[in-house]
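**Student:** Sharing final_8.txt here; it has compact mmCIF, C-alpha atoms.
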# COMPACT_ATOMS: atom_id res chain seq x y z
CA MET A 13 127.53 97.04 56.89
CA LYS A 14 128.65 100.11 58.71
CA ASP A 15 132.21 98.83 58.96
CA VAL A 16 132.74 99.35 55.26
CA ARG A 17 131.53 102.92 55.46
CA LEU A 18 133.62 103.55 58.54
CA GLU A 19 136.64 102.10 56.82
CA LEU A 20 136.06 104.25 53.76
CA ARG A 21 135.99 107.24 56.05
CA ASN A 22 139.22 106.75 57.90
CA ARG A 23 141.01 104.21 55.66
CA TYR A 24 143.27 103.15 58.50
CA ALA A 25 143.26 99.39 58.00
CA ILE A 26 143.37 99.45 54.24
CA ASN A 27 146.24 101.90 54.14
CA MET A 28 148.15 99.93 56.69
CA LEU A 29 147.62 96.69 54.79
CA LEU A 30 148.62 98.21 51.48
CA MET A 31 151.78 99.64 52.98
CA PHE A 32 152.52 96.29 54.55
CA VAL A 33 152.08 94.44 51.28
CA PHE A 34 154.21 96.88 49.35
CA SER A 35 157.03 96.92 51.85
CA ALA A 36 157.00 93.14 52.19
CA LEU A 37 157.10 92.74 48.42
CA LEU A 38 159.94 95.21 48.11
CA LEU A 39 161.84 93.32 50.78
CA VAL A 40 161.35 90.12 48.82
CA LEU A 41 162.38 91.89 45.65
CA PHE A 42 165.62 93.19 47.11
CA ALA A 43 166.34 89.92 48.86
CA VAL A 44 165.90 87.93 45.68
CA GLY A 45 167.75 90.37 43.46
CA GLN A 46 168.13 89.64 39.78
CA GLU A 47 167.83 85.88 40.07
CA PRO A 48 164.87 84.40 38.29
CA VAL A 49 162.59 82.75 40.81
CA SER A 50 160.86 79.45 40.15
CA GLU A 51 157.08 79.49 39.87
CA ARG A 52 156.60 77.52 43.01
CA VAL A 53 158.58 80.07 44.99
CA GLN A 54 156.68 82.92 43.33
CA ALA A 55 153.35 81.46 44.38
CA ALA A 56 154.66 80.69 47.86
CA VAL A 57 156.03 84.21 48.41
CA LEU A 58 152.82 85.81 47.17
CA TRP A 59 150.66 83.84 49.57
CA ILE A 60 152.99 84.14 52.52
CA VAL A 61 152.88 87.92 52.13
CA ILE A 62 149.09 87.81 51.89
CA LEU A 63 148.76 85.56 54.95
CA PHE A 64 150.98 87.71 57.10
CA SER A 65 149.26 90.93 56.14
CA ALA A 66 145.89 89.29 56.79
CA ALA A 67 147.06 88.10 60.19
CA ILE A 68 148.13 91.61 61.06
CA GLY A 69 145.26 93.57 59.58
CA LEU A 70 142.19 91.45 60.19
CA GLY A 71 142.67 91.07 63.91
CA ARG A 72 141.35 94.58 64.31
CA ALA A 73 137.74 93.71 63.50
CA PHE A 74 136.52 93.04 67.01
CA ILE A 75 139.20 94.76 69.03
CA SER A 76 138.07 98.09 67.59
CA GLU A 77 134.56 97.39 68.86
CA GLU A 78 135.89 96.73 72.33
CA GLU A 79 137.97 99.86 72.25
CA ARG A 80 135.13 102.05 71.13
CA GLY A 81 132.90 100.45 73.72
CA THR A 82 130.24 99.46 71.22
CA VAL A 83 130.22 95.77 72.10
CA LEU A 84 127.47 96.01 74.65
CA LEU A 85 125.25 97.96 72.29
CA LEU A 86 125.73 95.42 69.54
CA GLN A 87 125.11 92.54 71.92
CA LEU A 88 121.81 94.06 72.97
CA ASN A 89 120.57 95.28 69.63
CA THR A 90 121.52 92.70 67.06
CA ARG A 91 121.73 88.97 66.84
CA GLY A 92 125.18 87.40 66.99
CA SER A 93 124.88 85.94 63.53
CA MET A 94 124.19 89.37 62.03
CA VAL A 95 127.28 90.80 63.66
CA TYR A 96 129.26 87.87 62.37
CA ALA A 97 127.93 88.28 58.85
CA GLY A 98 128.81 91.98 58.85
CA LYS A 99 132.32 91.38 60.06
CA LEU A 100 132.81 88.52 57.65
CA PHE A 101 131.68 90.66 54.74
CA TYR A 102 133.98 93.48 55.74
CA ASN A 103 136.96 91.21 56.26
CA PHE A 104 136.29 89.49 52.98
CA LEU A 105 136.20 92.77 51.04
CA LEU A 106 139.35 93.93 52.73
CA ILE A 107 141.29 90.77 52.04
CA PHE A 108 140.03 90.46 48.47
CA CYS A 109 141.13 94.02 47.61
CA LEU A 110 144.41 93.25 49.29
CA ASN A 111 144.85 90.12 47.19
CA LEU A 112 144.17 92.02 43.97
CA VAL A 113 146.66 94.73 44.89
CA ALA A 114 149.26 92.19 45.97
CA VAL A 115 148.97 90.29 42.71
CA GLY A 116 149.14 93.51 40.72
CA ALA A 117 152.27 94.59 42.54
CA PHE A 118 153.68 91.12 42.12
CA VAL A 119 153.20 91.18 38.38
CA VAL A 120 154.90 94.55 38.09
CA PHE A 121 157.81 93.95 40.43
CA LEU A 122 158.72 90.33 39.86
CA ASN A 123 157.89 90.11 36.15
CA VAL A 124 155.44 87.33 36.69
CA ASN A 125 153.25 86.59 33.72
CA ILE A 126 149.95 84.93 34.21
CA ARG A 127 148.57 82.58 31.64
CA LEU A 128 145.11 82.06 33.10
CA PRO A 129 143.86 85.26 34.77
CA GLY A 130 140.41 83.73 35.33
CA LEU A 131 141.82 80.85 37.32
CA LEU A 132 143.96 83.19 39.38
CA LEU A 133 140.98 85.43 40.05
CA LEU A 134 138.88 82.49 41.20
CA THR A 135 141.73 81.32 43.43
CA LEU A 136 142.06 84.77 44.94
CA PHE A 137 138.32 84.90 45.53
CA LEU A 138 138.09 81.51 47.23
CA GLY A 139 141.32 82.09 49.14
CA ALA A 140 140.01 85.39 50.44
CA LEU A 141 136.74 83.75 51.44
CA GLY A 142 138.47 80.99 53.41
CA LEU A 143 140.90 83.42 54.98
CA ALA A 144 138.15 85.83 56.00
CA GLY A 145 136.07 82.95 57.37
CA ALA A 146 138.92 81.70 59.53
CA THR A 147 140.10 85.10 60.76
CA THR A 148 136.69 86.51 61.66
CA LEU A 149 135.96 83.96 64.38
CA LEU A 150 139.54 84.03 65.62
CA SER A 151 139.59 87.81 65.84
CA ALA A 152 136.42 87.59 67.93
CA ILE A 153 138.30 85.12 70.14
CA ILE A 154 141.37 87.28 70.58
CA ALA A 155 139.27 90.33 71.38
CA ARG A 156 138.34 88.35 74.51
CA THR A 157 141.89 87.68 75.62
CA ALA A 158 144.19 89.84 77.65
CA SER A 159 147.08 90.17 75.23
CA ARG A 160 145.09 90.59 71.98
CA GLY A 161 147.34 91.63 69.13
CA PRO A 162 150.15 89.11 68.73
CA LEU A 163 147.94 86.13 69.47
CA LEU A 164 146.12 86.05 66.15
CA PRO A 165 148.97 84.68 64.01
CA VAL A 166 149.63 82.00 66.62
CA LEU A 167 146.03 80.84 66.50
CA LEU A 168 145.55 81.38 62.80
CA PHE A 169 148.53 79.79 61.10
CA PRO A 170 148.05 76.19 62.22
CA LEU A 171 144.55 76.28 60.77
CA LEU A 172 145.67 77.65 57.43
CA PHE A 173 147.91 74.85 56.25
CA PRO A 174 145.24 73.26 54.02
CA LEU A 175 144.28 76.66 52.64
CA LEU A 176 147.88 77.65 51.98
CA LEU A 177 148.73 74.42 50.17
CA SER A 178 145.62 74.59 48.02
CA VAL A 179 146.00 78.22 46.98
CA ILE A 180 149.65 77.76 46.18
CA GLY A 181 148.81 74.71 44.09
CA SER A 182 146.13 76.43 42.08
CA THR A 183 148.15 79.65 41.74
CA ARG A 184 150.92 77.64 40.21
CA SER A 185 148.46 76.15 37.76
CA ALA A 186 147.70 79.67 36.52
CA PHE A 187 151.34 80.40 35.68
CA PRO A 188 152.82 79.75 32.21
CA ASN A 189 154.40 76.40 33.12
CA GLY A 190 151.43 75.37 35.22
CA LEU A 191 149.03 72.62 34.38
CA GLY A 192 145.97 74.79 33.85
CA TRP A 193 142.36 74.36 34.84
CA SER A 194 142.17 70.59 34.85
CA ALA A 195 144.89 70.28 37.48
CA ALA A 196 143.47 73.04 39.62
CA VAL A 197 139.98 71.55 39.99
CA ASP A 198 140.99 69.50 43.03
CA GLU A 199 142.48 72.50 44.73
CA LEU A 200 139.53 74.73 43.93
CA LEU A 201 137.18 72.11 45.35
CA ALA A 202 139.28 71.87 48.49
CA LEU A 203 139.23 75.67 48.81
CA THR A 204 135.47 75.83 48.38
CA GLY A 205 135.01 73.11 50.96
CA PHE A 206 137.41 74.80 53.36
CA ALA A 207 135.63 78.13 53.10
CA GLY A 208 132.26 76.44 53.51
CA VAL A 209 133.24 74.41 56.55
CA VAL A 210 135.09 77.25 58.23
CA ILE A 211 132.23 79.70 57.76
CA SER A 212 129.52 77.31 58.87
CA ALA A 213 131.54 76.24 61.91
CA SER A 214 132.05 79.93 62.73
CA VAL A 215 128.34 80.65 62.51
CA LEU A 216 127.64 77.80 64.93
CA LEU A 217 130.42 78.72 67.35
CA PHE A 218 130.24 82.50 67.16
CA ASP A 219 127.50 82.92 69.77
CA TYR A 220 129.61 81.23 72.44
CA VAL A 221 132.39 83.73 71.90
CA TRP A 222 130.16 86.73 71.46
CA GLN A 223 127.93 86.41 74.50
CA ASP A 224 129.27 86.82 78.00
CA MET B 28 128.15 73.43 87.69
CA SER B 29 128.08 69.81 88.70
CA THR B 30 129.58 67.95 91.61
CA PRO B 31 133.01 66.47 90.98
CA PRO B 32 132.81 62.88 89.74
CA THR B 33 133.37 60.15 92.29
CA ILE B 34 136.20 57.80 91.53
CA ASN B 35 136.23 54.11 92.29
CA LEU B 36 139.85 53.80 93.35
CA THR B 37 140.04 50.02 93.52
CA ARG B 38 138.79 49.59 89.99
CA TYR B 39 140.99 52.42 88.85
CA ARG B 40 144.14 50.82 90.25
CA LEU B 41 143.16 47.47 88.83
CA ILE B 42 142.82 48.86 85.31
CA ARG B 43 145.99 50.92 85.64
CA ASN B 44 148.10 47.95 86.75
CA GLY B 45 146.49 45.87 84.03
CA VAL B 46 147.60 48.39 81.44
CA PHE B 47 151.15 48.38 82.77
CA VAL B 48 151.39 44.58 82.72
CA TRP B 49 149.89 44.52 79.22
CA LEU B 50 152.41 47.06 77.93
CA THR B 51 155.30 45.16 79.49
CA LEU B 52 154.20 42.07 77.60
CA VAL B 53 153.96 44.12 74.41
CA VAL B 54 157.49 45.44 74.82
CA LEU B 55 158.77 41.94 75.51
CA GLY B 56 157.01 40.72 72.42
CA ALA B 57 158.41 43.57 70.37
CA PHE B 58 162.01 42.87 71.27
CA SER B 59 162.02 39.10 71.35
CA PHE B 60 164.26 37.73 68.66
CA GLY B 61 167.16 35.37 68.12
CA GLY B 62 165.26 32.12 67.97
CA TYR B 63 162.71 33.01 70.61
CA LEU B 64 159.06 32.88 69.94
CA LEU B 65 158.20 36.02 68.00
CA ASN B 66 160.84 36.17 65.33
CA ILE B 67 159.69 38.63 62.69
CA PRO B 68 159.99 37.73 59.01
CA LYS B 69 162.64 39.50 56.98
CA ILE B 70 161.22 42.38 54.98
CA ASN B 71 163.09 44.20 52.27
CA ILE B 72 164.64 47.55 53.31
CA LEU B 73 162.87 47.49 56.66
CA GLU B 74 164.51 44.43 58.20
CA HIS B 75 164.67 44.75 61.98
CA THR B 76 163.54 48.38 61.99
CA ALA B 77 160.11 46.94 61.24
CA ARG B 78 159.81 46.47 64.96
CA ASN B 79 159.25 50.19 65.19
CA LEU B 80 155.80 49.41 63.82
CA TYR B 81 154.81 48.35 67.31
CA PHE B 82 155.60 51.79 68.69
CA HIS B 83 155.30 54.30 65.88
CA VAL B 84 151.87 53.34 64.56
CA PRO B 85 150.10 53.03 67.93
CA MET B 86 151.29 56.58 68.70
CA TRP B 87 149.16 57.85 65.85
CA PHE B 88 146.17 55.82 66.88
CA THR B 89 146.56 57.14 70.37
CA MET B 90 146.95 60.72 69.21
CA MET B 91 143.78 60.40 67.12
CA ALA B 92 141.96 58.96 70.10
CA ALA B 93 143.19 61.80 72.31
CA THR B 94 142.16 64.38 69.71
CA GLY B 95 138.72 62.86 69.49
CA VAL B 96 138.30 62.77 73.27
CA SER B 97 139.45 66.38 73.53
CA ALA B 98 137.07 67.57 70.83
CA TYR B 99 134.16 65.64 72.35
CA HIS B 100 134.70 67.18 75.76
CA SER B 101 135.10 70.63 74.22
CA PHE B 102 131.73 70.14 72.59
CA ARG B 103 130.23 69.19 75.94
CA VAL B 104 131.78 72.28 77.53
CA LEU B 105 129.79 74.44 75.14
CA GLN B 106 126.68 72.40 75.79
CA THR B 107 126.79 72.33 79.58
CA GLY B 108 129.42 74.80 80.76
CA ASP B 109 130.68 72.11 83.12
CA TYR B 110 134.19 72.68 84.46
CA VAL B 111 134.93 68.94 84.65
CA ARG B 112 134.48 68.74 80.89
CA ASP B 113 136.96 71.54 80.46
CA ILE B 114 139.51 69.76 82.62
CA ARG B 115 139.02 66.62 80.56
CA ALA B 116 139.38 68.46 77.26
CA ARG B 117 142.57 70.08 78.44
CA ALA B 118 144.10 66.85 79.74
CA ALA B 119 143.27 65.02 76.51
CA ALA B 120 144.79 67.83 74.46
CA MET B 121 147.95 67.59 76.52
CA MET B 122 148.12 63.86 75.89
CA ALA B 123 147.56 64.42 72.17
CA VAL B 124 150.62 66.66 72.16
CA VAL B 125 152.70 64.08 74.05
CA PHE B 126 151.75 61.19 71.78
CA GLY B 127 152.00 63.38 68.69
CA LEU B 128 155.56 64.32 69.61
CA LEU B 129 156.43 60.70 70.36
CA GLY B 130 154.95 59.64 67.03
CA LEU B 131 156.92 62.32 65.21
CA LEU B 132 160.09 61.31 66.99
CA THR B 133 159.72 57.60 66.25
CA GLY B 134 158.74 58.41 62.67
CA ILE B 135 161.67 60.73 62.06
CA VAL B 136 164.18 58.33 63.52
CA TRP B 137 162.71 55.45 61.56
CA ALA B 138 162.83 57.33 58.27
CA ARG B 139 166.32 58.66 58.93
CA PHE B 140 167.93 55.31 59.60
CA THR B 141 165.95 53.24 57.16
CA TRP B 142 165.28 55.19 53.98
CA TYR B 143 167.59 58.19 54.27
CA VAL B 144 170.73 56.55 55.58
CA SER B 145 172.94 58.02 52.91
CA ALA B 146 170.90 61.15 52.23
CA ASP B 147 171.33 62.56 55.71
CA ILE B 148 167.77 63.91 55.80
CA TRP B 149 165.97 64.18 59.10
CA TRP B 150 162.77 65.89 58.10
CA ASN B 151 160.94 64.55 55.09
CA PHE B 152 157.73 66.05 53.81
CA ASP B 153 155.63 63.04 54.44
CA PRO B 154 151.93 63.95 54.53
CA LYS B 155 151.27 62.14 57.78
CA GLN B 156 154.34 63.65 59.40
CA SER B 157 153.36 67.14 58.30
CA MET B 158 149.85 66.57 59.54
CA ALA B 159 151.05 65.50 62.96
CA ALA B 160 153.29 68.57 63.12
CA VAL B 161 150.30 70.79 62.31
CA GLN B 162 148.18 69.01 64.90
CA VAL B 163 150.84 69.62 67.55
CA LEU B 164 150.98 73.29 66.49
CA ILE B 165 147.22 73.58 66.88
CA TYR B 166 147.34 72.29 70.43
CA GLY B 167 150.29 74.55 71.16
CA ALA B 168 148.13 77.48 70.08
CA TYR B 169 145.30 76.07 72.20
CA PHE B 170 147.42 76.21 75.33
CA VAL B 171 148.76 79.66 74.50
CA LEU B 172 145.17 80.85 74.09
CA ARG B 173 144.20 79.36 77.44
CA SER B 174 146.97 81.18 79.22
CA GLY B 175 145.83 84.44 77.63
CA ILE B 176 142.43 84.43 79.35
CA GLU B 177 142.11 84.93 83.06
CA ASP B 178 138.47 84.30 83.89
CA THR B 179 138.15 80.50 84.17
CA ARG B 180 134.67 80.13 82.74
CA LYS B 181 135.46 82.34 79.80
CA GLN B 182 138.71 80.44 79.36
CA ALA B 183 136.86 77.14 79.22
CA ARG B 184 134.31 78.36 76.69
CA ILE B 185 136.65 80.16 74.33
CA ALA B 186 139.28 77.43 74.41
CA ALA B 187 136.53 74.95 73.55
CA VAL B 188 135.47 77.09 70.60
CA TYR B 189 139.01 77.19 69.30
CA ASN B 190 139.49 73.47 69.82
CA LEU B 191 136.38 72.62 67.82
CA PHE B 192 137.18 75.18 65.14
CA ALA B 193 140.63 73.67 64.69
CA PHE B 194 139.15 70.18 64.72
CA VAL B 195 136.95 70.83 61.69
CA THR B 196 139.86 72.05 59.56
CA VAL B 197 141.95 68.92 60.11
CA PRO B 198 140.07 66.71 57.59
CA PHE B 199 141.15 69.13 54.86
CA LEU B 200 144.74 68.32 55.65
CA LEU B 201 143.90 64.68 55.08
CA TYR B 202 142.46 65.60 51.73
CA VAL B 203 144.98 68.15 50.51
CA LEU B 204 148.33 66.90 51.76
CA PRO B 205 148.52 63.48 50.04
CA ARG B 206 147.93 65.17 46.68
CA GLN B 207 150.96 67.35 47.03
CA LEU B 208 153.50 65.35 48.95
CA GLU B 209 155.08 61.96 48.59
CA SER B 210 154.80 59.41 51.30
CA LEU B 211 156.81 56.62 52.82
CA HIS B 212 153.74 55.06 54.34
CA PRO B 213 152.15 51.87 53.14
CA GLY B 214 149.19 52.29 50.84
CA ALA B 215 150.48 55.54 49.35
CA ASP B 216 151.25 55.66 45.62
CA GLY B 217 153.40 52.69 44.70
CA ASN B 218 154.08 51.58 48.24
CA PRO B 219 152.80 48.16 49.22
CA ALA B 220 149.60 48.02 51.20
CA PHE B 221 149.79 47.55 54.91
CA SER B 222 148.44 44.01 54.79
CA ASP B 223 151.08 42.93 52.26
CA ILE B 224 154.06 43.71 54.43
CA THR B 225 152.79 42.64 57.80
CA HIS B 226 153.22 39.04 58.70
CA PRO B 227 150.61 37.43 60.99
CA VAL B 228 153.30 37.14 63.64
CA MET B 229 153.74 40.89 63.64
CA ARG B 230 150.05 41.46 64.03
CA LEU B 231 150.20 39.32 67.12
CA VAL B 232 152.17 42.12 68.74
CA PHE B 233 150.86 45.05 66.73
CA TYR B 234 147.20 44.89 67.73
CA PRO B 235 147.92 44.43 71.42
CA ALA B 236 150.37 47.34 71.15
CA ILE B 237 147.57 49.61 69.90
CA ILE B 238 145.35 48.57 72.79
CA GLY B 239 148.24 48.94 75.21
CA PHE B 240 149.17 52.46 74.17
CA ILE B 241 145.58 53.62 74.15
CA GLY B 242 145.40 52.16 77.63
CA LEU B 243 148.50 54.12 78.56
CA PHE B 244 146.82 57.24 77.22
CA TRP B 245 143.82 56.48 79.40
CA VAL B 246 145.97 56.06 82.51
CA LEU B 247 147.93 59.27 81.98
CA TYR B 248 144.82 61.17 80.96
CA THR B 249 142.76 60.16 83.99
CA GLN B 250 145.70 60.88 86.21
CA ARG B 251 145.95 64.41 84.88
CA VAL B 252 142.22 64.86 85.25
CA ARG B 253 142.36 63.72 88.88
CA LEU B 254 145.33 65.97 89.54
CA ALA B 255 143.48 68.95 88.08
CA LEU B 256 140.38 68.17 90.14
CA LEU B 257 142.44 67.96 93.33
CA GLN B 258 144.21 71.18 92.42
CA ARG B 259 140.86 72.81 92.00
CA ARG B 260 139.66 71.54 95.34
CA VAL B 261 142.76 72.96 97.02
CA ASP B 262 142.13 76.30 95.34
CA HIS B 263 138.41 76.53 96.00
CA ASP B 264 137.59 74.56 99.14
CA ASP B 265 138.40 76.43 102.30
CA ASP B 266 137.60 73.48 104.58
CA LEU B 267 140.67 71.66 103.38
CA LEU B 268 143.01 74.26 104.76
Please express the file's structure as structure tokens.

**Tutor:**
Amino acid sequence: MKDVRLELRNRYAINMLLMFVFSALLLVLFAVGQEPVSERVQAAVLWIVILFSAAIGLGRAFISEEERGTVLLLQLNTRGSMVYAGKLFYNFLLIFCLNLVAVGAFVVFLNVNIRLPGLLLLTLFLGALGLAGATTLLSAIIARTASRGPLLPVLLFPLLFPLLLSVIGSTRSAFPNGLGWSAAVDELLALTGFAGVVISASVLLFDYVWQD
Amino acid sequence: MSTPPTINLTRYRLIRNGVFVWLTLVVLGAFSFGGYLLNIPKINILEHTARNLYFHVPMWFTMMAATGVSAYHSFRVLQTGDYVRDIRARAAAMMAVVFGLLGLLTGIVWARFTWYVSADIWWNFDPKQSMAAVQVLIYGAYFVLRSGIEDTRKQARIAAVYNLFAFVTVPFLLYVLPRQLESLHPGADGNPAFSDITHPVMRLVFYPAIIGFIGLFWVLYTQRVRLALLQRRVDHDDDLL
């Protein structure tokens, strides 16, 4: 949708997110120092960084519409579900690129080696889908509140526990000491289900948030 | 908008006092020992802390009930836009937080002084404990969200959306958590099933305790609903002043 083109034009969100990811990773790097980090901690740090940058960056989706005053136009011209689909697609692309960059930076900085790139890629894909599904509806919600910005993490994090545990589990499976595909199937199924349920619930509930 | 519901006060008081008497009996039953009628059998490790069963477990049942009631009324808010539904959803959510915290507290204390006496651990990563903590967090966020919106109708609708949205993600916790964390609860890997460790005598108190605490939930919940309705009348009705 037009969001992607707009984003390509001014690159505000993507630049901000990339800077956030890099600085967070560098902080982790300096904090950890030379110590080798266990795989569980590696996976946990990676996803915590991703979650926080998502919580910061993705909240913009609907607030920017309110600020530019385009909400009314969209409400009149398009159906709610179309708006939702557009925002979801944009958020998903954003978070997926972010995941790829974060993993790349992770590999370089923390000397992580990945045994099963395919599994990791699938995990990143499904994780991004679930994350985008959850944040899109919530960012529509916070665009309706008075305080806006800082509210998104508060609303988002309690919902993400199942997602976080599953992605960490299947990320670990992709590492050298991990258990590989067979162990990750459960987690991948849970991720698929999470993304599916979150997105379908959002589609059903979106109209109530969108219309005045 | 509908008219506020009429309340049959006599019946209400009758049920409320019934619940209080019932709970008193439950507590008496729970603590009767030393040769009196409901002496519990000796269970390995648990011993007398098994009496916590009468309090800890009903808290979860009650929290689940409160969560369900809250989600149902949130759904009806979206359907009808009725403010009474919103008041009910909010009161039930509040009760879910209260009983969730009580359940956590009883659970933590139980685990600390039964299984972790020497380990000095307060928080253990039990799936059910973690789930309750997440559930309490969700309702915390729900109340924060409510206070962030000024317009009452918008507040009702958007809070309902969030409540339902959070409600659909909870089953995933049920699915994901037990795979990753160990549990102290009966029925989990290697632990005896619930029916193996509970003596019929304990069930004599346990089942009434569940009913009693759900009744307590009902009393507190309806009281909060009535309070909120009266508050609303004070705010909106000019004839009262």

**Student:** Quick one: residues within 9 Å of A:Val124, all atoms listed in the file counted, chain neighbours fewer than 6 positions away excluded, as a PDB file with C-alpha atoms, keeping the file's coordinate frame?

**Tutor:**
ATOM      1  CA  GLU A  51     157.080  79.490  39.870  1.00  0.00           C
ATOM      2  CA  GLN A  54     156.680  82.920  43.330  1.00  0.00           C
ATOM      3  CA  PHE A 118     153.680  91.120  42.120  1.00  0.00           C
ATOM      4  CA  PHE A 187     151.340  80.400  35.680  1.00  0.00           C
TER       5      PHE A 187
END

**Student:** Of the candidates B:Lys155, B:Arg230, B:Arg173, B:His263, which one gets nearest to chain A if we count all atoms listed in the file?

**Tutor:**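 Result for the nearest residue to chain A: B:Arg173.
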
**Student:** Within 9 Å of chain B, which residues of chain A show up when using only C-alpha atoms, listed as a count of residues only?

**Tutor:** 38

**Student:** Can you pull out every residue within 12 Å of A:Arg184, counting only C-alpha atoms, but drop anything in the same chain fewer than 4 positions away, and send it as a count of residues only?

**Tutor:** 32

**Student:** Taking the point (152.7, 95.7, 51.7) as given in the file, collect each protein or nucleic acid residue that comes within 12 Å of it, counting all atoms listed in the file, and present the set as an MDAnalysis selection string.

**Tutor:** chainID A and resid 25:40 58 60:66 68:69 110:111 113:118

**Student:** Atom CA of B:Met121 and atom CA of B:Gln250, how far apart in Å?

**Tutor:** 12.0 Å

**Student:** Between atom CA of B:Thr179 and atom CA of B:Arg260, measure the distance and give it in Å to one decimal.

**Tutor:** 14.4 Å

**Student:** Would you mind telling me which residue in A:Gly208, A:Leu143, A:Cys109, A:Phe74 lies nearest to A:Val95 when using only C-alpha atoms?

**Tutor:** A:Phe74

**Student:** Hey, what's within 6 Å of stretch 137-142 of chain A if we count only C-alpha atoms and toss same-chain stuff fewer than 5 positions away? As JSON, numbers by chain, please?

**Tutor:** {"A": [104, 107, 108, 207]}

**Student:** Using atom CA of B:Thr37 and atom CA of B:Trp245 as the two end points, give the distance in Å to one decimal.

**Tutor:**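 Computing it gives 16.0 Å between the two atoms.
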
**Student:** Of the residues B:Ile135, B:Phe126, B:Ile42, B:Leu80, which is the one nearest to B:Phe244, using only C-alpha atoms?

**Tutor:**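 Of B:Ile135, B:Phe126, B:Ile42, B:Leu80, the one nearest B:Phe244, counting only C-alpha atoms, is B:Phe126.
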
**Student:** From the options B:Leu257, B:Ile237, B:Val252, B:Ala119, which residue's atoms come nearest to B:Val53, counting all atoms listed in the file?

**Tutor:**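 Residue with the minimum atom-to-atom distance to B:Val53: B:Ile237.
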
**Student:** Since the input is missing atoms, can you rebuild N, CA and C atoms for stretch 37-51 of chain B and write them as a PDB file, in the coordinates of the input?

**Tutor:**
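After the write, out-v4.pdb holds the following:
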ATOM      1  N   THR B  37     139.608  51.416  93.687  1.00  0.00           N
ATOM      2  CA  THR B  37     140.040  50.020  93.520  1.00  0.00           C
ATOM      3  C   THR B  37     140.024  49.631  92.055  1.00  0.00           C
ATOM      4  N   ARG B  38     138.903  49.937  91.394  1.00  0.00           N
ATOM      5  CA  ARG B  38     138.790  49.590  89.990  1.00  0.00           C
ATOM      6  C   ARG B  38     139.823  50.343  89.174  1.00  0.00           C
ATOM      7  N   TYR B  39     140.039  51.589  89.569  1.00  0.00           N
ATOM      8  CA  TYR B  39     140.990  52.420  88.850  1.00  0.00           C
ATOM      9  C   TYR B  39     142.383  51.805  88.890  1.00  0.00           C
ATOM     10  N   ARG B  40     142.796  51.401  90.112  1.00  0.00           N
ATOM     11  CA  ARG B  40     144.140  50.820  90.250  1.00  0.00           C
ATOM     12  C   ARG B  40     144.245  49.509  89.493  1.00  0.00           C
ATOM     13  N   LEU B  41     143.164  48.743  89.523  1.00  0.00           N
ATOM     14  CA  LEU B  41     143.160  47.470  88.830  1.00  0.00           C
ATOM     15  C   LEU B  41     143.416  47.683  87.338  1.00  0.00           C
ATOM     16  N   ILE B  42     142.667  48.617  86.748  1.00  0.00           N
ATOM     17  CA  ILE B  42     142.820  48.860  85.310  1.00  0.00           C
ATOM     18  C   ILE B  42     144.222  49.400  85.026  1.00  0.00           C
ATOM     19  N   ARG B  43     144.678  50.320  85.885  1.00  0.00           N
ATOM     20  CA  ARG B  43     145.990  50.920  85.640  1.00  0.00           C
ATOM     21  C   ARG B  43     147.078  49.854  85.660  1.00  0.00           C
ATOM     22  N   ASN B  44     147.070  48.981  86.675  1.00  0.00           N
ATOM     23  CA  ASN B  44     148.100  47.950  86.750  1.00  0.00           C
ATOM     24  C   ASN B  44     147.963  46.978  85.589  1.00  0.00           C
ATOM     25  N   GLY B  45     146.709  46.718  85.197  1.00  0.00           N
ATOM     26  CA  GLY B  45     146.490  45.870  84.030  1.00  0.00           C
ATOM     27  C   GLY B  45     147.156  46.437  82.797  1.00  0.00           C
ATOM     28  N   VAL B  46     146.988  47.743  82.612  1.00  0.00           N
ATOM     29  CA  VAL B  46     147.600  48.390  81.440  1.00  0.00           C
ATOM     30  C   VAL B  46     149.115  48.269  81.490  1.00  0.00           C
ATOM     31  N   PHE B  47     149.695  48.445  82.683  1.00  0.00           N
ATOM     32  CA  PHE B  47     151.150  48.380  82.770  1.00  0.00           C
ATOM     33  C   PHE B  47     151.664  46.974  82.451  1.00  0.00           C
ATOM     34  N   VAL B  48     150.967  45.963  82.997  1.00  0.00           N
ATOM     35  CA  VAL B  48     151.390  44.580  82.720  1.00  0.00           C
ATOM     36  C   VAL B  48     151.268  44.300  81.219  1.00  0.00           C
ATOM     37  N   TRP B  49     150.155  44.719  80.656  1.00  0.00           N
ATOM     38  CA  TRP B  49     149.890  44.520  79.220  1.00  0.00           C
ATOM     39  C   TRP B  49     151.016  45.132  78.381  1.00  0.00           C
ATOM     40  N   LEU B  50     151.379  46.376  78.709  1.00  0.00           N
ATOM     41  CA  LEU B  50     152.410  47.060  77.930  1.00  0.00           C
ATOM     42  C   LEU B  50     153.769  46.382  78.086  1.00  0.00           C
ATOM     43  N   THR B  51     154.042  45.878  79.288  1.00  0.00           N
ATOM     44  CA  THR B  51     155.300  45.160  79.490  1.00  0.00           C
ATOM     45  C   THR B  51     155.369  43.949  78.572  1.00  0.00           C
TER      46      THR B  51
END
